[in-house]
file structure.txt (compact mmCIF, N, CA and C atoms)
# COMPACT_ATOMS: atom_id res chain seq x y z
N MET A 16 6.93 2.92 -8.52
CA MET A 16 6.87 2.18 -7.29
C MET A 16 7.20 0.73 -7.58
N VAL A 17 7.76 0.10 -6.61
CA VAL A 17 8.15 -1.30 -6.74
C VAL A 17 7.47 -2.09 -5.62
N LEU A 18 6.83 -3.17 -5.99
CA LEU A 18 6.20 -4.07 -5.02
C LEU A 18 7.16 -5.22 -4.82
N ARG A 19 7.46 -5.53 -3.56
CA ARG A 19 8.46 -6.54 -3.28
C ARG A 19 8.08 -7.31 -2.03
N GLN A 20 8.46 -8.58 -1.97
CA GLN A 20 8.25 -9.38 -0.77
C GLN A 20 9.60 -9.78 -0.23
N GLY A 21 9.63 -10.21 1.00
CA GLY A 21 10.90 -10.63 1.54
C GLY A 21 10.83 -11.22 2.92
N LEU A 22 11.95 -11.21 3.59
CA LEU A 22 12.20 -11.73 4.92
C LEU A 22 12.45 -13.24 4.87
N GLY A 23 13.23 -13.68 3.94
CA GLY A 23 13.77 -15.02 3.91
C GLY A 23 12.83 -16.17 4.15
N LYS A 24 11.95 -16.46 3.21
CA LYS A 24 11.02 -17.57 3.39
C LYS A 24 11.74 -18.91 3.43
N ALA A 25 12.97 -18.97 2.95
CA ALA A 25 13.69 -20.24 2.92
C ALA A 25 14.34 -20.57 4.26
N HIS A 26 14.37 -19.62 5.19
CA HIS A 26 15.02 -19.84 6.48
C HIS A 26 13.99 -20.16 7.55
N CYS A 27 14.27 -21.13 8.37
CA CYS A 27 13.46 -21.49 9.55
C CYS A 27 11.98 -21.16 9.36
N HIS A 28 11.45 -20.36 10.28
CA HIS A 28 10.05 -19.96 10.22
C HIS A 28 9.99 -18.57 9.62
N GLY A 29 10.07 -18.49 8.31
CA GLY A 29 10.11 -17.20 7.63
C GLY A 29 8.77 -16.50 7.62
N GLY A 30 8.81 -15.28 7.23
CA GLY A 30 7.61 -14.49 7.11
C GLY A 30 7.54 -13.87 5.73
N ASN A 31 6.38 -13.46 5.34
CA ASN A 31 6.19 -12.82 4.04
C ASN A 31 5.78 -11.38 4.33
N ILE A 32 6.65 -10.45 3.95
CA ILE A 32 6.39 -9.03 4.14
C ILE A 32 6.32 -8.39 2.77
N GLN A 33 5.30 -7.60 2.55
CA GLN A 33 5.16 -6.86 1.31
C GLN A 33 5.65 -5.44 1.55
N ALA A 34 6.34 -4.88 0.59
CA ALA A 34 6.83 -3.50 0.72
C ALA A 34 6.60 -2.77 -0.59
N VAL A 35 6.27 -1.51 -0.49
CA VAL A 35 6.16 -0.63 -1.65
C VAL A 35 7.32 0.35 -1.53
N LEU A 36 8.18 0.37 -2.54
CA LEU A 36 9.38 1.17 -2.52
C LEU A 36 9.34 2.21 -3.64
N ALA A 37 9.88 3.38 -3.37
CA ALA A 37 9.99 4.43 -4.38
C ALA A 37 11.03 3.98 -5.41
N PRO A 38 11.03 4.58 -6.60
CA PRO A 38 12.01 4.19 -7.62
C PRO A 38 13.46 4.28 -7.15
N GLY A 39 13.75 5.17 -6.22
CA GLY A 39 15.11 5.27 -5.69
C GLY A 39 15.42 4.31 -4.57
N GLY A 40 14.45 3.52 -4.12
CA GLY A 40 14.66 2.53 -3.08
C GLY A 40 14.14 2.92 -1.72
N PHE A 41 13.61 4.14 -1.57
CA PHE A 41 13.09 4.58 -0.28
C PHE A 41 11.79 3.84 0.03
N PRO A 42 11.68 3.19 1.20
CA PRO A 42 10.46 2.46 1.52
C PRO A 42 9.29 3.42 1.78
N LEU A 43 8.21 3.24 1.02
CA LEU A 43 7.02 4.06 1.19
C LEU A 43 6.04 3.42 2.15
N TRP A 44 6.04 2.08 2.17
CA TRP A 44 5.09 1.35 3.00
C TRP A 44 5.58 -0.07 3.17
N VAL A 45 5.41 -0.62 4.37
CA VAL A 45 5.78 -2.01 4.66
C VAL A 45 4.61 -2.66 5.40
N SER A 46 4.24 -3.86 4.97
CA SER A 46 3.09 -4.56 5.57
C SER A 46 3.47 -5.25 6.86
N GLU A 47 2.44 -5.75 7.52
CA GLU A 47 2.65 -6.66 8.64
C GLU A 47 3.14 -7.99 8.07
N ALA A 48 3.79 -8.78 8.90
CA ALA A 48 4.30 -10.07 8.45
C ALA A 48 3.18 -11.10 8.37
N GLU A 49 3.19 -11.84 7.28
CA GLU A 49 2.30 -12.99 7.10
C GLU A 49 3.16 -14.24 7.28
N PRO A 50 2.57 -15.39 7.58
CA PRO A 50 3.37 -16.63 7.63
C PRO A 50 4.07 -16.87 6.29
N GLY A 51 5.24 -17.48 6.35
CA GLY A 51 6.02 -17.73 5.14
C GLY A 51 5.31 -18.57 4.11
N SER A 52 4.30 -19.35 4.52
CA SER A 52 3.58 -20.21 3.58
C SER A 52 2.58 -19.44 2.72
N VAL A 53 2.32 -18.19 3.06
CA VAL A 53 1.36 -17.38 2.29
C VAL A 53 2.03 -16.94 1.00
N HIS A 54 1.36 -17.16 -0.14
CA HIS A 54 1.89 -16.79 -1.45
C HIS A 54 2.01 -15.27 -1.53
N ASP A 55 3.00 -14.81 -2.30
CA ASP A 55 3.25 -13.38 -2.44
C ASP A 55 2.02 -12.63 -2.92
N LEU A 56 1.35 -13.15 -3.94
CA LEU A 56 0.19 -12.46 -4.50
C LEU A 56 -0.96 -12.41 -3.50
N THR A 57 -1.13 -13.46 -2.71
CA THR A 57 -2.18 -13.47 -1.69
C THR A 57 -1.90 -12.40 -0.63
N ALA A 58 -0.65 -12.32 -0.18
CA ALA A 58 -0.28 -11.30 0.81
C ALA A 58 -0.43 -9.90 0.22
N ALA A 59 -0.05 -9.73 -1.03
CA ALA A 59 -0.16 -8.41 -1.67
C ALA A 59 -1.63 -8.00 -1.81
N ARG A 60 -2.49 -8.95 -2.16
CA ARG A 60 -3.92 -8.63 -2.28
C ARG A 60 -4.50 -8.21 -0.94
N ALA A 61 -4.02 -8.78 0.14
CA ALA A 61 -4.53 -8.45 1.46
C ALA A 61 -4.01 -7.10 1.96
N HIS A 62 -2.79 -6.74 1.57
CA HIS A 62 -2.17 -5.57 2.17
C HIS A 62 -1.91 -4.40 1.21
N ALA A 63 -1.30 -4.65 0.07
CA ALA A 63 -0.76 -3.57 -0.75
C ALA A 63 -1.60 -3.19 -1.96
N LEU A 64 -2.19 -4.16 -2.62
CA LEU A 64 -2.81 -3.89 -3.92
C LEU A 64 -3.94 -2.87 -3.91
N PRO A 65 -4.81 -2.82 -2.90
CA PRO A 65 -5.86 -1.80 -2.96
C PRO A 65 -5.32 -0.37 -3.11
N ALA A 66 -4.25 -0.04 -2.41
CA ALA A 66 -3.65 1.30 -2.54
C ALA A 66 -2.97 1.47 -3.89
N LEU A 67 -2.37 0.39 -4.39
CA LEU A 67 -1.67 0.50 -5.67
C LEU A 67 -2.64 0.63 -6.84
N TYR A 68 -3.83 0.06 -6.74
CA TYR A 68 -4.83 0.25 -7.79
C TYR A 68 -5.24 1.71 -7.87
N ARG A 69 -5.33 2.36 -6.70
CA ARG A 69 -5.66 3.78 -6.68
C ARG A 69 -4.56 4.60 -7.36
N ALA A 70 -3.30 4.23 -7.11
CA ALA A 70 -2.17 4.91 -7.76
C ALA A 70 -2.21 4.68 -9.27
N ALA A 71 -2.58 3.47 -9.70
CA ALA A 71 -2.65 3.17 -11.14
C ALA A 71 -3.71 4.02 -11.83
N ALA A 72 -4.80 4.33 -11.12
CA ALA A 72 -5.85 5.18 -11.68
C ALA A 72 -5.32 6.59 -11.95
N HIS A 73 -4.25 6.97 -11.26
CA HIS A 73 -3.62 8.28 -11.47
C HIS A 73 -2.35 8.15 -12.32
N ASP A 74 -2.27 7.10 -13.14
CA ASP A 74 -1.16 6.85 -14.06
C ASP A 74 0.19 6.67 -13.36
N LEU A 75 0.21 6.04 -12.19
CA LEU A 75 1.44 5.70 -11.50
C LEU A 75 1.58 4.19 -11.49
N PRO A 76 2.29 3.62 -12.48
CA PRO A 76 2.40 2.15 -12.54
C PRO A 76 3.30 1.62 -11.43
N THR A 77 3.14 0.35 -11.14
CA THR A 77 3.95 -0.36 -10.15
C THR A 77 4.67 -1.49 -10.85
N LEU A 78 5.97 -1.61 -10.61
CA LEU A 78 6.77 -2.68 -11.20
C LEU A 78 6.88 -3.82 -10.19
N ALA A 79 6.70 -5.04 -10.65
CA ALA A 79 6.75 -6.20 -9.75
C ALA A 79 7.41 -7.37 -10.46
N ASP A 80 7.85 -8.36 -9.69
CA ASP A 80 8.47 -9.54 -10.29
C ASP A 80 7.39 -10.49 -10.82
N PRO A 81 7.77 -11.54 -11.56
CA PRO A 81 6.78 -12.43 -12.18
C PRO A 81 5.84 -13.13 -11.20
N GLY A 82 6.17 -13.18 -9.92
CA GLY A 82 5.29 -13.79 -8.93
C GLY A 82 3.99 -13.04 -8.76
N TYR A 83 3.94 -11.81 -9.22
CA TYR A 83 2.73 -10.99 -9.11
C TYR A 83 1.95 -10.95 -10.42
N ASP A 84 2.24 -11.85 -11.33
CA ASP A 84 1.54 -11.91 -12.61
C ASP A 84 0.04 -12.11 -12.36
N GLY A 85 -0.77 -11.27 -12.99
CA GLY A 85 -2.21 -11.35 -12.80
C GLY A 85 -2.71 -10.53 -11.62
N ALA A 86 -1.84 -9.65 -11.08
CA ALA A 86 -2.23 -8.86 -9.91
C ALA A 86 -3.27 -7.81 -10.24
N GLY A 87 -3.35 -7.39 -11.47
CA GLY A 87 -4.38 -6.43 -11.84
C GLY A 87 -3.84 -5.19 -12.52
N ILE A 88 -4.71 -4.22 -12.65
CA ILE A 88 -4.41 -2.99 -13.37
C ILE A 88 -3.25 -2.23 -12.73
N GLY A 89 -2.34 -1.77 -13.57
CA GLY A 89 -1.23 -0.94 -13.10
C GLY A 89 -0.05 -1.69 -12.53
N ILE A 90 -0.14 -3.00 -12.38
CA ILE A 90 0.97 -3.79 -11.86
C ILE A 90 1.68 -4.43 -13.06
N LEU A 91 2.86 -3.92 -13.38
CA LEU A 91 3.60 -4.38 -14.55
C LEU A 91 4.60 -5.46 -14.16
N THR A 92 4.48 -6.60 -14.80
CA THR A 92 5.37 -7.74 -14.54
C THR A 92 6.00 -8.18 -15.85
N PRO A 93 7.20 -8.79 -15.79
CA PRO A 93 7.80 -9.33 -17.01
C PRO A 93 6.95 -10.48 -17.57
N VAL A 94 7.00 -10.65 -18.87
CA VAL A 94 6.28 -11.74 -19.54
C VAL A 94 7.11 -13.01 -19.38
N ARG A 95 6.47 -14.08 -18.98
CA ARG A 95 7.17 -15.36 -18.81
C ARG A 95 7.45 -16.02 -20.16
N HIS A 96 8.48 -16.85 -20.17
CA HIS A 96 8.79 -17.60 -21.39
C HIS A 96 7.69 -18.62 -21.65
N PRO A 97 7.33 -18.84 -22.91
CA PRO A 97 6.28 -19.83 -23.22
C PRO A 97 6.69 -21.23 -22.77
N ALA A 98 5.71 -22.01 -22.35
CA ALA A 98 5.97 -23.37 -21.88
C ALA A 98 6.48 -24.29 -22.99
N ASP A 99 6.12 -23.98 -24.22
CA ASP A 99 6.55 -24.85 -25.32
C ASP A 99 7.99 -24.58 -25.77
N GLY A 100 8.70 -23.66 -25.09
CA GLY A 100 10.10 -23.43 -25.39
C GLY A 100 10.37 -22.42 -26.50
N ARG A 101 9.31 -21.83 -27.05
CA ARG A 101 9.53 -20.82 -28.10
C ARG A 101 10.26 -19.62 -27.53
N GLU A 102 11.01 -18.95 -28.38
CA GLU A 102 11.72 -17.73 -28.02
C GLU A 102 10.74 -16.56 -27.95
N LEU A 103 10.93 -15.68 -26.98
CA LEU A 103 10.08 -14.50 -26.91
C LEU A 103 10.47 -13.51 -28.01
N ASP A 104 9.50 -12.76 -28.46
CA ASP A 104 9.71 -11.72 -29.47
C ASP A 104 10.71 -10.69 -28.92
N ILE A 105 11.48 -10.06 -29.81
CA ILE A 105 12.49 -9.08 -29.39
C ILE A 105 11.86 -7.92 -28.62
N ASN A 106 10.65 -7.51 -28.98
CA ASN A 106 9.98 -6.42 -28.28
C ASN A 106 9.63 -6.82 -26.84
N ILE A 107 9.19 -8.06 -26.66
CA ILE A 107 8.85 -8.55 -25.32
C ILE A 107 10.12 -8.69 -24.48
N ARG A 108 11.20 -9.20 -25.08
CA ARG A 108 12.47 -9.32 -24.36
C ARG A 108 12.99 -7.96 -23.94
N THR A 109 12.85 -6.96 -24.82
CA THR A 109 13.29 -5.60 -24.49
C THR A 109 12.45 -5.03 -23.35
N ARG A 110 11.13 -5.23 -23.41
CA ARG A 110 10.24 -4.77 -22.33
C ARG A 110 10.63 -5.42 -21.00
N ASN A 111 10.88 -6.73 -21.03
CA ASN A 111 11.28 -7.45 -19.81
C ASN A 111 12.58 -6.88 -19.24
N ALA A 112 13.56 -6.62 -20.12
CA ALA A 112 14.85 -6.08 -19.66
C ALA A 112 14.67 -4.70 -19.05
N LEU A 113 13.84 -3.88 -19.65
CA LEU A 113 13.59 -2.54 -19.10
C LEU A 113 12.89 -2.62 -17.74
N LEU A 114 11.88 -3.47 -17.63
CA LEU A 114 11.18 -3.62 -16.36
C LEU A 114 12.12 -4.10 -15.26
N ARG A 115 12.95 -5.09 -15.58
CA ARG A 115 13.86 -5.63 -14.57
C ARG A 115 14.91 -4.60 -14.16
N SER A 116 15.44 -3.85 -15.13
CA SER A 116 16.47 -2.87 -14.79
C SER A 116 15.91 -1.73 -13.96
N LEU A 117 14.68 -1.32 -14.21
CA LEU A 117 14.06 -0.27 -13.40
C LEU A 117 13.68 -0.80 -12.02
N ARG A 118 13.18 -2.03 -11.97
CA ARG A 118 12.75 -2.61 -10.70
C ARG A 118 13.93 -2.81 -9.75
N CYS A 119 15.09 -3.17 -10.29
CA CYS A 119 16.24 -3.44 -9.42
C CYS A 119 16.68 -2.18 -8.68
N LEU A 120 16.47 -1.00 -9.26
CA LEU A 120 16.83 0.24 -8.57
C LEU A 120 15.98 0.41 -7.31
N GLY A 121 14.69 0.14 -7.43
CA GLY A 121 13.81 0.25 -6.28
C GLY A 121 14.05 -0.82 -5.24
N GLU A 122 14.47 -2.00 -5.67
CA GLU A 122 14.66 -3.11 -4.74
C GLU A 122 15.89 -2.95 -3.86
N ARG A 123 16.75 -1.99 -4.16
CA ARG A 123 17.88 -1.71 -3.27
C ARG A 123 17.38 -1.34 -1.88
N GLY A 124 16.23 -0.68 -1.84
CA GLY A 124 15.65 -0.28 -0.57
C GLY A 124 15.32 -1.47 0.31
N PHE A 125 14.92 -2.58 -0.29
CA PHE A 125 14.59 -3.77 0.50
C PHE A 125 15.85 -4.36 1.11
N ALA A 126 16.95 -4.30 0.40
CA ALA A 126 18.22 -4.77 0.95
C ALA A 126 18.62 -3.91 2.15
N LEU A 127 18.39 -2.60 2.05
CA LEU A 127 18.69 -1.71 3.17
C LEU A 127 17.81 -2.02 4.37
N LEU A 128 16.51 -2.24 4.12
CA LEU A 128 15.59 -2.58 5.21
C LEU A 128 16.01 -3.87 5.90
N THR A 129 16.37 -4.87 5.14
CA THR A 129 16.76 -6.16 5.70
C THR A 129 18.02 -6.02 6.54
N GLY A 130 19.00 -5.29 6.04
CA GLY A 130 20.23 -5.07 6.79
C GLY A 130 19.99 -4.32 8.08
N ARG A 131 19.17 -3.30 8.02
CA ARG A 131 18.87 -2.52 9.23
C ARG A 131 18.08 -3.35 10.23
N TRP A 132 17.17 -4.19 9.75
CA TRP A 132 16.40 -5.04 10.65
C TRP A 132 17.32 -5.98 11.41
N ARG A 133 18.28 -6.56 10.71
CA ARG A 133 19.23 -7.47 11.38
C ARG A 133 20.04 -6.72 12.44
N THR A 134 20.42 -5.49 12.14
CA THR A 134 21.17 -4.68 13.11
C THR A 134 20.32 -4.34 14.31
N LEU A 135 19.08 -3.93 14.08
CA LEU A 135 18.20 -3.51 15.17
C LEU A 135 17.83 -4.64 16.12
N GLN A 136 17.93 -5.87 15.67
CA GLN A 136 17.62 -7.00 16.54
C GLN A 136 18.57 -7.09 17.72
N TYR A 137 19.76 -6.52 17.60
CA TYR A 137 20.77 -6.61 18.65
C TYR A 137 20.85 -5.35 19.51
N ILE A 138 20.00 -4.37 19.26
CA ILE A 138 20.03 -3.12 20.01
C ILE A 138 18.91 -3.14 21.04
N THR A 139 19.24 -2.70 22.24
CA THR A 139 18.22 -2.61 23.28
C THR A 139 18.17 -1.18 23.81
N ALA A 140 16.98 -0.75 24.18
CA ALA A 140 16.82 0.58 24.76
C ALA A 140 16.55 0.47 26.26
N SER A 141 16.76 -0.69 26.81
CA SER A 141 16.48 -0.93 28.22
C SER A 141 17.59 -0.36 29.09
N PRO A 142 17.26 0.59 30.00
CA PRO A 142 18.30 1.13 30.88
C PRO A 142 18.91 0.06 31.79
N ALA A 143 18.11 -0.92 32.18
CA ALA A 143 18.62 -1.98 33.05
C ALA A 143 19.71 -2.77 32.36
N GLU A 144 19.53 -3.04 31.07
CA GLU A 144 20.54 -3.80 30.32
C GLU A 144 21.83 -3.01 30.22
N SER A 145 21.73 -1.71 29.90
CA SER A 145 22.92 -0.92 29.71
C SER A 145 23.64 -0.69 31.05
N ALA A 146 22.89 -0.66 32.18
CA ALA A 146 23.52 -0.46 33.49
C ALA A 146 24.35 -1.67 33.90
N THR A 147 23.93 -2.86 33.47
CA THR A 147 24.66 -4.08 33.84
C THR A 147 25.72 -4.45 32.83
N SER A 148 25.73 -3.74 31.69
CA SER A 148 26.74 -4.02 30.68
C SER A 148 28.08 -3.52 31.14
N PRO A 149 29.14 -4.24 30.81
CA PRO A 149 30.46 -3.75 31.19
C PRO A 149 30.80 -2.46 30.44
N ALA A 150 31.53 -1.59 31.07
CA ALA A 150 31.92 -0.33 30.44
C ALA A 150 32.91 -0.63 29.31
N PRO A 151 32.84 0.14 28.24
CA PRO A 151 33.78 -0.09 27.15
C PRO A 151 35.22 0.22 27.60
N ARG A 152 36.16 -0.57 27.11
CA ARG A 152 37.55 -0.36 27.47
C ARG A 152 38.11 0.84 26.72
N SER A 153 38.94 1.61 27.39
CA SER A 153 39.60 2.72 26.70
C SER A 153 40.99 2.27 26.32
N SER A 154 41.46 2.77 25.19
CA SER A 154 42.78 2.32 24.73
C SER A 154 43.86 3.25 25.14
call {"tool": "encode", "arguments": {"input": "structure.txt", "output": "structure tokens"}}
result
Amino acid sequence: MVLRQGLGKAHCHGGNIQAVLAPGGFPLWVSEAEPGSVHDLTAARAHALPALYRAAAHDLPTLADPGYDGAGIGILTPVRHPADGRELDINIRTRNALLRSLRCLGERGFALLTGRWRTLQYITASPAESATSPAPRSS
């Protein structure tokens, strides 16, 4: 499983949405939106982590980005580079590369969700709207 946040916090009045995605990218769960100022780990603790701890107890780890460092049992994050500039050990670098390569497969699902959300914003199911819309031209 992959824990991910999104919905463009850098744009206007962004929101923070937590999502749990299957390794193939299929969304398993999506949280309610929090204000964009809410830190990823704070939003995850409120919405996603309690269920993920239960999964970890059944040996189902969750891969997350470094923003979730310290999230708790079963949440695997890459190791950050030391502040003093030392090089990471080859074993740690290999672990980080493996975590990132596996996590990116699951994060494809978030790109799909974002794209579909943008598309759905322009669709209406209102019969009144479609009745007043001009008929499509035939060629």
call {"tool": "select_by_dssp", "arguments": {"input": "structure.txt", "residues": "segment 87-124 of chain A", "states": "alpha helix (DSSP H)", "output": "PyMOL selection string"}}
result
chain A and resi 105-124
call {"tool": "closest_atom_pairs", "arguments": {"input": "structure.txt", "of": "segment 26-91 of chain A", "to": "segment 107-125 of chain A", "cutoff": "5 Å", "atoms": "all atoms listed in the file", "output": "JSON lines"}}
result
{"residue": "A:Ala37", "atom": "C", "partner": "A:Gly121", "partner_atom": "CA", "distance": 4.7}
{"residue": "A:Pro38", "atom": "C", "partner": "A:Gly121", "partner_atom": "CA", "distance": 4.1}
{"residue": "A:Gly39", "atom": "C", "partner": "A:Gly121", "partner_atom": "CA", "distance": 4.7}
{"residue": "A:Gly40", "atom": "C", "partner": "A:Gly124", "partner_atom": "CA", "distance": 3.7}
{"residue": "A:Phe41", "atom": "N", "partner": "A:Gly124", "partner_atom": "CA", "distance": 5.0}
call {"tool": "atom_distance", "arguments": {"input": "structure.txt", "atom1": "atom CA of Glu47 of chain A", "atom2": "atom CA of His73 of chain A"}}
result
25.8 Å
call {"tool": "atom_distance", "arguments": {"input": "structure.txt", "atom1": "atom CA of Asn106 of chain A", "atom2": "atom CA of Pro93 of chain A"}}
result
11.8 Å
call {"tool": "residues_around", "arguments": {"input": "structure.txt", "residues": "Gly82 of chain A", "least_positions_apart": "3", "cutoff": "8 Å", "atoms": "only N, CA and C atoms", "output": "PyMOL selection string"}}
result
chain A and resi 54-57+79+85-86+92-93
call {"tool": "atom_distance", "arguments": {"input": "structure.txt", "atom1": "atom CA of Arg60 of chain A", "atom2": "atom CA of Thr129 of chain A"}}
result
22.3 Å
call {"tool": "select_by_dssp", "arguments": {"input": "structure.txt", "residues": "segment 29-147 of chain A", "states": "strand (DSSP E or B)", "output": "MDAnalysis selection string"}}
result
chainID A and resid 30:36 42:45 49:50 77:78 90:91
call {"tool": "axis_aligned_box", "arguments": {"input": "structure.txt", "around": "segment 93-97 of chain A", "padding_each_side": "4 Å", "output": "lines of an AutoDock Vina configuration file"}}
result
center_x = 7.5
center_y = -15.0
center_z = -19.5
size_x = 10.5
size_y = 20.4
size_z = 15.4
call {"tool": "closest_residue", "arguments": {"input": "structure.txt", "among": "A:Pro81, A:Pro76, A:Leu43, A:Asn31", "to": "Ala61 of chain A", "atoms": "only C-alpha atoms"}}
result
A:Asn31
call {"tool": "build_atoms", "arguments": {"input": "structure.txt", "residues": "segment 57-65 of chain A", "atoms": "all heavy atoms", "output": "PDB file, in the frame of the given file"}}
result
ATOM      1  N   THR A  57      -1.130 -13.460  -2.710  1.00  0.00           N
ATOM      2  CA  THR A  57      -2.180 -13.470  -1.690  1.00  0.00           C
ATOM      3  C   THR A  57      -1.900 -12.400  -0.630  1.00  0.00           C
ATOM      4  O   THR A  57      -2.799 -11.642  -0.235  1.00  0.00           O
ATOM      5  CB  THR A  57      -2.268 -14.850  -1.025  1.00  0.00           C
ATOM      6  OG1 THR A  57      -2.479 -15.833  -2.031  1.00  0.00           O
ATOM      7  CG2 THR A  57      -3.374 -14.915  -0.003  1.00  0.00           C
ATOM      8  N   ALA A  58      -0.650 -12.320  -0.180  1.00  0.00           N
ATOM      9  CA  ALA A  58      -0.280 -11.300   0.810  1.00  0.00           C
ATOM     10  C   ALA A  58      -0.430  -9.900   0.220  1.00  0.00           C
ATOM     11  O   ALA A  58      -0.894  -8.985   0.898  1.00  0.00           O
ATOM     12  CB  ALA A  58       1.144 -11.534   1.294  1.00  0.00           C
ATOM     13  N   ALA A  59      -0.050  -9.730  -1.030  1.00  0.00           N
ATOM     14  CA  ALA A  59      -0.160  -8.410  -1.670  1.00  0.00           C
ATOM     15  C   ALA A  59      -1.630  -8.000  -1.810  1.00  0.00           C
ATOM     16  O   ALA A  59      -1.971  -6.836  -1.608  1.00  0.00           O
ATOM     17  CB  ALA A  59       0.505  -8.427  -3.033  1.00  0.00           C
ATOM     18  N   ARG A  60      -2.490  -8.950  -2.160  1.00  0.00           N
ATOM     19  CA  ARG A  60      -3.920  -8.630  -2.280  1.00  0.00           C
ATOM     20  C   ARG A  60      -4.500  -8.210  -0.940  1.00  0.00           C
ATOM     21  O   ARG A  60      -5.366  -7.357  -0.866  1.00  0.00           O
ATOM     22  CB  ARG A  60      -4.689  -9.823  -2.840  1.00  0.00           C
ATOM     23  CG  ARG A  60      -4.502  -9.986  -4.315  1.00  0.00           C
ATOM     24  CD  ARG A  60      -5.402 -11.053  -4.889  1.00  0.00           C
ATOM     25  NE  ARG A  60      -5.249 -11.085  -6.335  1.00  0.00           N
ATOM     26  CZ  ARG A  60      -5.068 -12.175  -7.037  1.00  0.00           C
ATOM     27  NH1 ARG A  60      -5.054 -13.358  -6.443  1.00  0.00           N
ATOM     28  NH2 ARG A  60      -4.933 -12.114  -8.343  1.00  0.00           N
ATOM     29  N   ALA A  61      -4.020  -8.780   0.140  1.00  0.00           N
ATOM     30  CA  ALA A  61      -4.530  -8.450   1.460  1.00  0.00           C
ATOM     31  C   ALA A  61      -4.010  -7.100   1.960  1.00  0.00           C
ATOM     32  O   ALA A  61      -4.708  -6.405   2.691  1.00  0.00           O
ATOM     33  CB  ALA A  61      -4.158  -9.539   2.456  1.00  0.00           C
ATOM     34  N   HIS A  62      -2.790  -6.740   1.570  1.00  0.00           N
ATOM     35  CA  HIS A  62      -2.170  -5.570   2.170  1.00  0.00           C
ATOM     36  C   HIS A  62      -1.910  -4.400   1.210  1.00  0.00           C
ATOM     37  O   HIS A  62      -2.219  -3.263   1.546  1.00  0.00           O
ATOM     38  CB  HIS A  62      -0.837  -5.958   2.821  1.00  0.00           C
ATOM     39  CG  HIS A  62      -0.987  -6.932   3.937  1.00  0.00           C
ATOM     40  ND1 HIS A  62      -1.532  -6.606   5.152  1.00  0.00           N
ATOM     41  CD2 HIS A  62      -0.670  -8.245   4.012  1.00  0.00           C
ATOM     42  CE1 HIS A  62      -1.540  -7.656   5.931  1.00  0.00           C
ATOM     43  NE2 HIS A  62      -1.026  -8.674   5.266  1.00  0.00           N
ATOM     44  N   ALA A  63      -1.300  -4.650   0.070  1.00  0.00           N
ATOM     45  CA  ALA A  63      -0.760  -3.570  -0.750  1.00  0.00           C
ATOM     46  C   ALA A  63      -1.600  -3.190  -1.960  1.00  0.00           C
ATOM     47  O   ALA A  63      -1.681  -2.020  -2.321  1.00  0.00           O
ATOM     48  CB  ALA A  63       0.644  -3.924  -1.207  1.00  0.00           C
ATOM     49  N   LEU A  64      -2.190  -4.160  -2.620  1.00  0.00           N
ATOM     50  CA  LEU A  64      -2.810  -3.890  -3.920  1.00  0.00           C
ATOM     51  C   LEU A  64      -3.940  -2.870  -3.910  1.00  0.00           C
ATOM     52  O   LEU A  64      -4.026  -2.076  -4.843  1.00  0.00           O
ATOM     53  CB  LEU A  64      -3.247  -5.194  -4.580  1.00  0.00           C
ATOM     54  CG  LEU A  64      -2.091  -6.106  -5.001  1.00  0.00           C
ATOM     55  CD1 LEU A  64      -2.614  -7.361  -5.663  1.00  0.00           C
ATOM     56  CD2 LEU A  64      -1.123  -5.389  -5.913  1.00  0.00           C
ATOM     57  N   PRO A  65      -4.810  -2.820  -2.900  1.00  0.00           N
ATOM     58  CA  PRO A  65      -5.860  -1.800  -2.960  1.00  0.00           C
ATOM     59  C   PRO A  65      -5.320  -0.370  -3.110  1.00  0.00           C
ATOM     60  O   PRO A  65      -5.835   0.416  -3.892  1.00  0.00           O
ATOM     61  CB  PRO A  65      -6.604  -1.983  -1.628  1.00  0.00           C
ATOM     62  CG  PRO A  65      -6.398  -3.424  -1.298  1.00  0.00           C
ATOM     63  CD  PRO A  65      -4.997  -3.722  -1.775  1.00  0.00           C
TER      64      PRO A  65
END
